[in-house]
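**Student:** Pasting a structure here, questions to come.
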Amino acid sequence: MNTLNKTVQQFTTVYHSEYGKGKVVCLTPKQKDQLVMCFFPKANTHDWCLLSALETGTDDHMSLQPVEHEAPKDNLSDPLQAALDNLFGGRR
């Protein structure tokens with residue numbers, strides 16, 4: 001079990017890229033790491049991540065620092081998007 005954890009404990013504030021601000025509600029030992037369960041009251045949901053990823057900032061969705069909400073990426077190339085805009089009357 002990882003006994004070096006001094007920064008993350010129950011009720012530590014975390015930030016999710018989709019759900020916003022939340023709190024750590026449970027830490028469960030998993031071999032050399034810990035599984036962290038977080039609750040996000042605004043979205044009324046919970047999510048999990050590994051403690052090592054949370055502490056190092058390598059988790060894709062959660063962080064100990066405020067996370068900027070990213071706009072959905074447009075997967076279409078510009079010429080293809082322009083052709084679709086012309087065909088269907090532009091974006092709305």
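We name chains A, B, ... following the order of the structure tokens; residues begin at 1 in each chain, and ligands are numbered from 1 as shown.
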Give me, as number ranges by chain, all polymer residues having an atom no more than 12 Å from range 16-18 of chain A, counting only C-alpha atoms and skipping those fewer than 5 positions away in the same chain.
**Tutor:** A: 23-24, 38-43, 45-49, 54, 57, 59-72
**Student:** Leaving out range 32-35 of chain A and any residue of its chain fewer than 2 positions from it, which residues lie within 8 Å of it when counting only C-alpha atoms, given as a list in words?
**Tutor:** Met1, Asn2, Leu27, Thr28, Pro29, Lys30, Met37, Trp48, Cys49, Leu50, Leu51 and Ser52 of chain A
**Student:** DSSP on the backbone: which residues in chain A end up as strand (DSSP E or B)? Give the answer as a PyMOL selection string.
**Tutor:** chain A and resi 13-16+20-30+33-40+45-50+62-63
**Student:** For Tyr19 in chain A, which of A:Asn44, A:Thr58, A:Gln81, A:Asn86 is the closest residue, counting only C-alpha atoms?
**Tutor:** A:Asn44
**Student:** Would you list, as a list in words, the residues of chain A that end up in alpha helix (DSSP H) under DSSP run on this structure's backbone?
**Tutor:**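 For chain A, the alpha helix (DSSP H) set is Leu51, Ser52, Ala53, Leu54, Glu55, Thr56, Asp78, Pro79, Leu80, Gln81, Ala82, Ala83, Leu84, Asp85, Asn86, Leu87 and Phe88 of chain A.
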**Student:** Once you have the residues from the selection above, write them out as a compact mmCIF listing (two decimals), in the first residue's frame, restricted to C-alpha atoms.
**Tutor:**
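Result file follows (out-v4.txt):
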# COMPACT_ATOMS: atom_id res chain seq x y z
CA LEU A 51 -4.15 8.20 -7.07
CA SER A 52 -0.82 8.18 -8.93
CA ALA A 53 -2.45 9.74 -12.04
CA LEU A 54 -4.25 12.34 -9.93
CA GLU A 55 -1.11 13.38 -8.03
CA THR A 56 1.05 13.59 -11.16
CA ASP A 78 -12.01 22.62 -43.43
CA PRO A 79 -12.72 21.85 -47.12
CA LEU A 80 -15.15 19.10 -46.18
CA GLN A 81 -16.84 21.36 -43.63
CA ALA A 82 -17.14 24.15 -46.22
CA ALA A 83 -18.74 21.75 -48.71
CA LEU A 84 -21.25 20.58 -46.10
CA ASP A 85 -21.99 24.19 -45.11
CA ASN A 86 -22.70 25.09 -48.74
CA LEU A 87 -24.86 22.01 -49.22
CA PHE A 88 -26.97 22.41 -46.08
